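Just final_23.cif here, mmCIF, C-alpha atoms:
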data_final
#
loop_
_atom_site.label_atom_id
_atom_site.label_comp_id
_atom_site.auth_asym_id
_atom_site.auth_seq_id
_atom_site.Cartn_x
_atom_site.Cartn_y
_atom_site.Cartn_z
CA ALA A 1 -17.65 6.84 0.57
CA GLN A 2 -14.19 7.06 -0.86
CA SER A 3 -13.30 4.55 -3.54
CA VAL A 4 -10.64 3.90 -6.12
CA THR A 5 -11.21 1.88 -9.27
CA GLN A 6 -8.51 0.38 -11.39
CA PRO A 7 -10.51 -1.11 -14.26
CA ASP A 8 -7.74 -3.30 -15.63
CA ILE A 9 -6.76 -6.30 -13.53
CA HIS A 10 -3.97 -7.40 -15.87
CA ILE A 11 -2.27 -5.69 -18.80
CA THR A 12 0.37 -7.12 -21.12
CA VAL A 13 2.56 -4.83 -23.21
CA SER A 14 5.56 -5.37 -25.41
CA GLU A 15 8.90 -4.03 -24.31
CA GLY A 16 9.39 -0.57 -25.79
CA ALA A 17 5.67 0.08 -26.18
CA SER A 18 3.86 2.84 -24.37
CA LEU A 19 1.80 2.19 -21.27
CA GLU A 20 -1.26 3.73 -19.66
CA LEU A 21 -2.78 2.39 -16.46
CA ARG A 22 -6.16 3.76 -15.52
CA CYS A 23 -7.32 5.01 -12.16
CA ASN A 24 -10.66 6.56 -11.28
CA TYR A 25 -11.57 7.78 -7.84
CA SER A 26 -14.54 8.95 -5.87
CA TYR A 27 -13.61 11.27 -3.03
CA GLY A 28 -15.48 14.07 -1.34
CA ALA A 29 -12.52 16.16 -0.22
CA THR A 30 -9.68 17.61 -2.25
CA PRO A 31 -7.78 14.44 -3.08
CA TYR A 32 -4.17 13.56 -2.56
CA LEU A 33 -3.36 11.03 -5.28
CA PHE A 34 -0.63 8.42 -5.37
CA TRP A 35 0.71 5.64 -7.55
CA TYR A 36 2.68 2.81 -5.94
CA VAL A 37 4.55 -0.06 -7.54
CA GLN A 38 5.03 -3.50 -6.02
CA SER A 39 7.78 -5.57 -7.60
CA PRO A 40 7.67 -9.35 -7.02
CA GLY A 41 8.55 -10.20 -3.43
CA GLN A 42 8.78 -6.57 -2.41
CA GLY A 43 6.78 -4.01 -0.54
CA LEU A 44 5.09 -1.07 -2.20
CA GLN A 45 7.20 1.85 -3.37
CA LEU A 46 5.93 5.31 -4.20
CA LEU A 47 6.17 6.19 -7.91
CA LEU A 48 4.62 9.65 -7.77
CA LYS A 49 2.08 11.78 -6.00
CA TYR A 50 -0.19 14.71 -6.74
CA PHE A 51 -1.34 17.26 -4.22
CA SER A 52 -1.95 20.45 -6.17
CA GLY A 53 -0.56 22.61 -8.95
CA ASP A 54 0.51 21.27 -12.31
CA THR A 55 -1.78 18.41 -13.22
CA LEU A 56 0.97 16.48 -14.99
CA VAL A 57 3.23 14.89 -12.40
CA GLN A 58 6.61 13.30 -13.01
CA GLY A 59 7.77 10.37 -10.94
CA ILE A 60 10.59 7.93 -10.64
CA LYS A 61 11.58 5.35 -13.26
CA GLY A 62 10.28 7.51 -16.12
CA PHE A 63 6.63 7.39 -15.07
CA GLU A 64 4.20 10.29 -15.20
CA ALA A 65 0.55 10.73 -14.29
CA GLU A 66 -2.08 13.26 -15.21
CA PHE A 67 -4.79 14.47 -12.85
CA LYS A 68 -8.09 15.22 -14.58
CA ARG A 69 -10.57 16.61 -12.09
CA SER A 70 -13.48 16.61 -14.56
CA GLN A 71 -13.02 12.88 -15.14
CA SER A 72 -11.98 12.00 -11.57
CA SER A 73 -9.02 10.22 -13.06
CA PHE A 74 -5.32 9.92 -12.34
CA ASN A 75 -3.88 7.73 -15.08
CA LEU A 76 -0.29 6.52 -15.03
CA ARG A 77 1.78 6.60 -18.21
CA LYS A 78 5.18 5.63 -19.48
CA PRO A 79 6.35 6.27 -23.06
CA SER A 80 8.51 3.15 -23.39
CA VAL A 81 8.17 0.14 -21.10
CA HIS A 82 11.17 -1.88 -19.94
CA TRP A 83 11.06 -5.53 -18.89
CA SER A 84 11.91 -4.44 -15.34
CA ASP A 85 8.59 -2.54 -15.16
CA ALA A 86 6.73 -5.84 -14.82
CA ALA A 87 5.04 -5.47 -11.43
CA GLU A 88 1.75 -4.68 -9.73
CA TYR A 89 0.65 -1.06 -9.69
CA PHE A 90 -1.65 0.50 -7.13
CA CYS A 91 -3.46 3.80 -7.28
CA ALA A 92 -4.38 5.38 -3.95
CA VAL A 93 -6.31 8.44 -2.81
CA GLY A 94 -6.32 10.24 0.51
CA ALA A 95 -6.73 13.61 2.18
CA ARG A 96 -5.27 15.60 5.04
CA GLY A 97 -6.15 14.78 8.61
CA ASN A 98 -7.69 11.64 10.05
CA THR A 99 -8.90 10.17 6.77
CA PRO A 100 -7.73 6.84 5.41
CA LEU A 101 -5.59 6.22 2.38
CA VAL A 102 -7.78 4.17 0.04
CA PHE A 103 -6.10 1.79 -2.41
CA GLY A 104 -7.36 0.41 -5.67
CA LYS A 105 -7.19 -3.35 -6.16
CA GLY A 106 -4.14 -3.05 -8.40
CA THR A 107 -3.20 -3.69 -12.01
CA ARG A 108 -0.68 -6.37 -12.81
CA LEU A 109 1.64 -5.43 -15.67
CA SER A 110 3.36 -8.10 -17.74
CA VAL A 111 6.03 -7.15 -20.26
CA ILE A 112 6.81 -9.38 -23.22
CA ALA A 113 9.78 -9.28 -25.55
CA GLU B 114 18.35 5.03 5.28
CA ALA B 115 14.62 5.48 5.81
CA GLN B 116 13.01 2.12 6.20
CA VAL B 117 10.28 -0.02 7.65
CA THR B 118 11.48 -3.39 8.86
CA GLN B 119 9.20 -6.38 9.28
CA ASN B 120 10.08 -9.73 10.73
CA PRO B 121 9.84 -12.50 9.89
CA ARG B 122 9.62 -12.42 6.09
CA TYR B 123 8.16 -15.91 5.92
CA LEU B 124 6.28 -17.86 8.57
CA ILE B 125 4.47 -21.18 8.56
CA THR B 126 2.50 -21.97 11.69
CA VAL B 127 -0.28 -24.20 12.92
CA THR B 128 -3.82 -23.24 13.76
CA GLY B 129 -4.15 -21.74 17.21
CA LYS B 130 -0.50 -21.08 17.92
CA LYS B 131 -0.05 -17.44 18.91
CA LEU B 132 2.37 -15.42 16.81
CA THR B 133 3.68 -11.89 16.54
CA VAL B 134 4.93 -10.09 13.46
CA THR B 135 7.17 -7.20 14.35
CA CYS B 136 7.35 -3.86 12.57
CA SER B 137 9.78 -1.05 13.21
CA GLN B 138 10.33 2.30 11.46
CA ASN B 139 13.23 4.74 11.76
CA MET B 140 11.56 7.88 10.39
CA ASN B 141 9.89 9.11 13.58
CA HIS B 142 6.50 8.75 11.90
CA GLU B 143 3.41 9.11 14.05
CA TYR B 144 1.14 7.09 11.79
CA MET B 145 1.58 3.33 11.31
CA SER B 146 -0.68 0.68 9.87
CA TRP B 147 -1.03 -2.98 8.97
CA TYR B 148 -2.45 -4.33 5.74
CA ARG B 149 -3.11 -7.75 4.36
CA GLN B 150 -2.90 -8.46 0.65
CA ASP B 151 -4.92 -11.23 -0.95
CA PRO B 152 -5.35 -12.07 -4.65
CA GLY B 153 -8.22 -10.16 -6.18
CA LEU B 154 -8.86 -8.18 -3.01
CA GLY B 155 -5.94 -5.77 -3.09
CA LEU B 156 -4.72 -4.20 0.15
CA ARG B 157 -7.05 -4.18 3.12
CA GLN B 158 -6.21 -2.32 6.28
CA ILE B 159 -6.25 -4.34 9.48
CA TYR B 160 -5.36 -1.79 12.17
CA TYR B 161 -3.75 1.60 12.34
CA SER B 162 -2.19 3.83 14.93
CA MET B 163 -2.15 7.61 14.94
CA ASN B 164 0.42 7.80 17.73
CA VAL B 165 1.76 6.04 20.82
CA GLU B 166 -1.03 4.28 22.73
CA VAL B 167 -3.57 5.28 20.05
CA THR B 168 -4.79 2.43 17.86
CA ASP B 169 -7.96 1.82 15.89
CA LYS B 170 -9.59 -0.81 13.73
CA GLY B 171 -9.26 -0.81 9.98
CA ASP B 172 -11.45 -2.69 7.53
CA VAL B 173 -10.61 -6.26 8.58
CA PRO B 174 -9.58 -6.29 12.26
CA GLU B 175 -11.16 -9.60 13.34
CA GLY B 176 -8.62 -12.07 14.68
CA TYR B 177 -5.83 -9.52 15.07
CA LYS B 178 -4.44 -7.34 17.83
CA VAL B 179 -1.88 -4.55 17.81
CA SER B 180 -0.05 -2.42 20.31
CA ARG B 181 1.87 0.85 20.11
CA LYS B 182 3.97 1.26 23.21
CA GLU B 183 6.78 3.05 21.41
CA LYS B 184 6.64 5.35 18.42
CA ARG B 185 8.92 3.22 16.27
CA ASN B 186 7.30 -0.19 16.86
CA PHE B 187 3.89 -1.53 15.86
CA PRO B 188 3.64 -5.31 16.26
CA LEU B 189 0.79 -7.35 14.83
CA ILE B 190 -0.45 -10.18 17.05
CA LEU B 191 -2.47 -13.19 16.01
CA GLU B 192 -3.59 -14.78 19.25
CA SER B 193 -5.18 -17.85 17.66
CA PRO B 194 -4.34 -17.96 13.96
CA SER B 195 -6.68 -19.70 11.55
CA PRO B 196 -6.16 -20.81 7.94
CA ASN B 197 -8.18 -17.85 6.62
CA GLN B 198 -5.42 -15.59 7.97
CA THR B 199 -2.99 -17.07 5.46
CA SER B 200 -1.94 -13.97 3.57
CA LEU B 201 0.78 -11.47 2.74
CA TYR B 202 1.07 -8.80 5.43
CA PHE B 203 2.52 -5.33 5.12
CA CYS B 204 3.37 -2.77 7.72
CA ALA B 205 3.50 0.88 6.67
CA SER B 206 4.35 4.21 8.24
CA SER B 207 3.86 7.82 7.21
CA SER B 208 3.82 11.32 8.63
CA ASP B 209 0.08 11.65 8.00
CA ARG B 210 -2.73 9.16 7.61
CA GLY B 211 -4.03 10.14 4.20
CA SER B 212 -1.91 12.85 2.63
CA ALA B 213 1.69 11.72 2.94
CA GLU B 214 3.83 9.08 1.30
CA ALA B 215 3.46 5.71 2.98
CA PHE B 216 6.63 3.70 3.47
CA PHE B 217 6.09 -0.04 3.36
CA GLY B 218 7.96 -2.96 4.82
CA GLN B 219 8.94 -5.84 2.57
CA GLY B 220 6.08 -7.99 3.71
CA THR B 221 5.52 -11.13 5.75
CA ARG B 222 4.20 -14.19 3.98
CA LEU B 223 2.16 -16.09 6.59
CA THR B 224 0.81 -19.59 6.09
CA VAL B 225 -1.48 -21.11 8.72
CA VAL B 226 -2.01 -24.86 8.39
#

Please render this file's structure as structure tokens.
Amino acid sequence: AQSVTQPDIHITVSEGASLELRCNYSYGATPYLFWYVQSPGQGLQLLLKYFSGDTLVQGIKGFEAEFKRSQSSFNLRKPSVHWSDAAEYFCAVGARGNTPLVFGKGTRLSVIA
Amino acid sequence: EAQVTQNPRYLITVTGKKLTVTCSQNMNHEYMSWYRQDPGLGLRQIYYSMNVEVTDKGDVPEGYKVSRKEKRNFPLILESPSPNQTSLYFCASSSDRGSAEAFFGQGTRLTVV
């Protein structure tokens, strides 16, 4: 069965520090991988997605993610975190056709001065 | 502007009083879905629809109904709400179930007392 694991429930980083949020997946088909961000009081917004090709994907707001097939991972990174990045982040995996999009349970990011 | 609109944003109701949460999208998407979000449990899919008049159960369908009479609308119906349905609800739409970007509404915070 498909599954997505985000090992870190809550991460706190200092403003200006680098960030890496982990995502591991288990999926039988060729995966389509996504990262979404949920700011307080808002719906989810797509940060970036990976379908094929270059394994390093650039997204909005200065985020990037790297697909590592051998590790079944799709970790999200940002070189320098801003206070406005405080939010909940969700990794998701899917495939073409009538297969569901499976979400991880999310990682809450806090940013301190 | 591409968007998914949910109404209401906030709702407090009493046990057993039927309610409907509306969802509308303007992107001509075939696929729409409803999720509930609870602390520690992440996003769980309630129902989804692949097209007009085609709906199916997600992971947690008990106590909910949906309909898809028009492509743009996908209302969520709670015929007899109970306190365990207190949650944050999201509607989403996309051009494909598992491989395309999902666009989310801003959420409906439901409290059942």

Practice task
Evaluate the PyMOL selection byres ((chain B and resi 162) around 9) on the structure here and hand back the selected residues as a PyMOL selection string.
Solution key: chain B and resi 143-146+160-161+163-170+179-181+187

For the interface of region 114-225 of chain B with region 81-93 of chain A (cut-off 10 Å, counting only C-alpha atoms), please tabulate each contacting residue of region 114-225 of chain B alongside its nearest pair of atoms and their separation in Å to one decimal, rows sorted by chain and increasing number, as JSON lines.
{"residue": "B:Gly155", "atom": "CA", "partner": "A:Phe90", "partner_atom": "CA", "distance": 8.6}
{"residue": "B:Leu156", "atom": "CA", "partner": "A:Phe90", "partner_atom": "CA", "distance": 9.2}
{"residue": "B:Gly211", "atom": "CA", "partner": "A:Val93", "partner_atom": "CA", "distance": 7.6}
{"residue": "B:Ser212", "atom": "CA", "partner": "A:Val93", "partner_atom": "CA", "distance": 8.3}

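Going from CA of Gly106 (chain A) to CA of Gln6 (chain A) covers 6.3 Å.
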
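Distance-wise, CA of Thr12 (chain A) and CA of Cys204 (chain B) end up 29.3 Å apart.
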
Exercise for the section: Check every residue of chain A for an atom within 12 Å of chain B, counting all atoms listed in the file, and provide those that qualify as number ranges by chain. Expected result: A: 2, 4-6, 8-10, 29-52, 88-108

Generate a file of the selected residues that holds C-alpha atoms, formatted as a short mmCIF file (atom, residue, chain, number, x, y, z; two decimals), keeping the file's coordinate frame.
data_model
loop_
_atom_site.label_atom_id
_atom_site.label_comp_id
_atom_site.auth_asym_id
_atom_site.auth_seq_id
_atom_site.Cartn_x
_atom_site.Cartn_y
_atom_site.Cartn_z
CA GLN A 2 -14.19 7.06 -0.86
CA VAL A 4 -10.64 3.90 -6.12
CA THR A 5 -11.21 1.88 -9.27
CA GLN A 6 -8.51 0.38 -11.39
CA ASP A 8 -7.74 -3.30 -15.63
CA ILE A 9 -6.76 -6.30 -13.53
CA HIS A 10 -3.97 -7.40 -15.87
CA ALA A 29 -12.52 16.16 -0.22
CA THR A 30 -9.68 17.61 -2.25
CA PRO A 31 -7.78 14.44 -3.08
CA TYR A 32 -4.17 13.56 -2.56
CA LEU A 33 -3.36 11.03 -5.28
CA PHE A 34 -0.63 8.42 -5.37
CA TRP A 35 0.71 5.64 -7.55
CA TYR A 36 2.68 2.81 -5.94
CA VAL A 37 4.55 -0.06 -7.54
CA GLN A 38 5.03 -3.50 -6.02
CA SER A 39 7.78 -5.57 -7.60
CA PRO A 40 7.67 -9.35 -7.02
CA GLY A 41 8.55 -10.20 -3.43
CA GLN A 42 8.78 -6.57 -2.41
CA GLY A 43 6.78 -4.01 -0.54
CA LEU A 44 5.09 -1.07 -2.20
CA GLN A 45 7.20 1.85 -3.37
CA LEU A 46 5.93 5.31 -4.20
CA LEU A 47 6.17 6.19 -7.91
CA LEU A 48 4.62 9.65 -7.77
CA LYS A 49 2.08 11.78 -6.00
CA TYR A 50 -0.19 14.71 -6.74
CA PHE A 51 -1.34 17.26 -4.22
CA SER A 52 -1.95 20.45 -6.17
CA GLU A 88 1.75 -4.68 -9.73
CA TYR A 89 0.65 -1.06 -9.69
CA PHE A 90 -1.65 0.50 -7.13
CA CYS A 91 -3.46 3.80 -7.28
CA ALA A 92 -4.38 5.38 -3.95
CA VAL A 93 -6.31 8.44 -2.81
CA GLY A 94 -6.32 10.24 0.51
CA ALA A 95 -6.73 13.61 2.18
CA ARG A 96 -5.27 15.60 5.04
CA GLY A 97 -6.15 14.78 8.61
CA ASN A 98 -7.69 11.64 10.05
CA THR A 99 -8.90 10.17 6.77
CA PRO A 100 -7.73 6.84 5.41
CA LEU A 101 -5.59 6.22 2.38
CA VAL A 102 -7.78 4.17 0.04
CA PHE A 103 -6.10 1.79 -2.41
CA GLY A 104 -7.36 0.41 -5.67
CA LYS A 105 -7.19 -3.35 -6.16
CA GLY A 106 -4.14 -3.05 -8.40
CA THR A 107 -3.20 -3.69 -12.01
CA ARG A 108 -0.68 -6.37 -12.81
#

Practice task
Could you tell me which residues the PyMOL selection byres ((chain A and resi 19) around 12) returns for this structure, as a ChimeraX atom specification?
Solution key: /A:11-18,20-22,62-65,75-82,85-86,109-111

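Neighbourhood of point (-14.4, -13.2, 10.5): residues with an atom at most 12 Å away, counting only C-alpha atoms, are Asp172, Val173, Pro174, Glu175, Gly176, Tyr177, Pro194, Ser195, Pro196, Asn197 and Gln198 of chain B.
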
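Neighbourhood of point (2.9, -7.0, 14.8): residues with an atom at most 7 Å away, counting only C-alpha atoms, are Thr133, Val134, Thr135, Cys136, Val179, Phe187, Pro188, Leu189 and Ile190 of chain B.
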
Exercise for the section: Pull out every residue that the PyMOL selection byres ((chain B and resi 126) around 9) matches in the shown coordinates and put them as a VMD selection string. Expected result: chain B and resid 124 to 125 127 to 132 194 223 to 226

Take region 16-36 of chain A, bring it up to N, CA, C and O atoms, and give me the output as a tab-separated table (two decimals), in the coordinates of the input.
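Resulting contents of selection09.tsv:
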chain	number	residue	atom	x	y	z
A	16	GLY	N	9.23	-1.71	-24.89
A	16	GLY	CA	9.39	-0.57	-25.79
A	16	GLY	C	8.09	0.12	-26.15
A	16	GLY	O	8.10	1.25	-26.64
A	17	ALA	N	6.98	-0.53	-25.90
A	17	ALA	CA	5.67	0.08	-26.18
A	17	ALA	C	5.31	1.05	-25.08
A	17	ALA	O	5.86	1.02	-23.98
A	18	SER	N	4.33	1.91	-25.39
A	18	SER	CA	3.86	2.84	-24.37
A	18	SER	C	2.85	2.16	-23.45
A	18	SER	O	2.27	1.13	-23.78
A	19	LEU	N	2.65	2.78	-22.30
A	19	LEU	CA	1.80	2.19	-21.27
A	19	LEU	C	0.88	3.25	-20.68
A	19	LEU	O	1.31	4.39	-20.45
A	20	GLU	N	-0.36	2.88	-20.45
A	20	GLU	CA	-1.26	3.73	-19.66
A	20	GLU	C	-2.07	2.84	-18.74
A	20	GLU	O	-2.77	1.93	-19.19
A	21	LEU	N	-1.98	3.10	-17.46
A	21	LEU	CA	-2.78	2.39	-16.46
A	21	LEU	C	-3.83	3.36	-15.92
A	21	LEU	O	-3.51	4.48	-15.52
A	22	ARG	N	-5.05	2.88	-15.88
A	22	ARG	CA	-6.16	3.76	-15.52
A	22	ARG	C	-6.48	3.73	-14.03
A	22	ARG	O	-6.38	2.68	-13.39
A	23	CYS	N	-6.90	4.88	-13.54
A	23	CYS	CA	-7.32	5.01	-12.16
A	23	CYS	C	-8.44	6.03	-12.09
A	23	CYS	O	-8.26	7.17	-12.53
A	24	ASN	N	-9.56	5.65	-11.54
A	24	ASN	CA	-10.66	6.56	-11.28
A	24	ASN	C	-10.98	6.55	-9.80
A	24	ASN	O	-10.91	5.51	-9.15
A	25	TYR	N	-11.33	7.70	-9.26
A	25	TYR	CA	-11.57	7.78	-7.84
A	25	TYR	C	-12.88	8.51	-7.55
A	25	TYR	O	-13.39	9.27	-8.38
A	26	SER	N	-13.38	8.24	-6.38
A	26	SER	CA	-14.54	8.95	-5.87
A	26	SER	C	-14.17	9.42	-4.48
A	26	SER	O	-13.89	8.60	-3.59
A	27	TYR	N	-14.10	10.75	-4.29
A	27	TYR	CA	-13.61	11.27	-3.03
A	27	TYR	C	-14.23	12.63	-2.78
A	27	TYR	O	-14.19	13.48	-3.65
A	28	GLY	N	-14.77	12.84	-1.61
A	28	GLY	CA	-15.48	14.07	-1.34
A	28	GLY	C	-14.57	15.27	-1.15
A	28	GLY	O	-14.87	16.36	-1.57
A	29	ALA	N	-13.43	15.04	-0.52
A	29	ALA	CA	-12.52	16.16	-0.22
A	29	ALA	C	-11.56	16.37	-1.38
A	29	ALA	O	-11.56	15.62	-2.36
A	30	THR	N	-10.75	17.41	-1.27
A	30	THR	CA	-9.68	17.61	-2.25
A	30	THR	C	-8.72	16.44	-2.13
A	30	THR	O	-8.15	16.20	-1.08
A	31	PRO	N	-8.54	15.69	-3.21
A	31	PRO	CA	-7.78	14.44	-3.08
A	31	PRO	C	-6.27	14.62	-3.14
A	31	PRO	O	-5.76	15.49	-3.83
A	32	TYR	N	-5.60	13.77	-2.40
A	32	TYR	CA	-4.17	13.56	-2.56
A	32	TYR	C	-4.07	12.21	-3.29
A	32	TYR	O	-4.61	11.21	-2.83
A	33	LEU	N	-3.37	12.20	-4.42
A	33	LEU	CA	-3.36	11.03	-5.28
A	33	LEU	C	-1.96	10.44	-5.38
A	33	LEU	O	-0.98	11.18	-5.47
A	34	PHE	N	-1.90	9.12	-5.38
A	34	PHE	CA	-0.63	8.42	-5.37
A	34	PHE	C	-0.67	7.24	-6.35
A	34	PHE	O	-1.72	6.63	-6.57
A	35	TRP	N	0.49	6.92	-6.88
A	35	TRP	CA	0.71	5.64	-7.55
A	35	TRP	C	1.89	4.95	-6.86
A	35	TRP	O	2.94	5.54	-6.65
A	36	TYR	N	1.65	3.66	-6.54
A	36	TYR	CA	2.68	2.81	-5.94
A	36	TYR	C	2.95	1.63	-6.86
A	36	TYR	O	2.05	1.16	-7.57
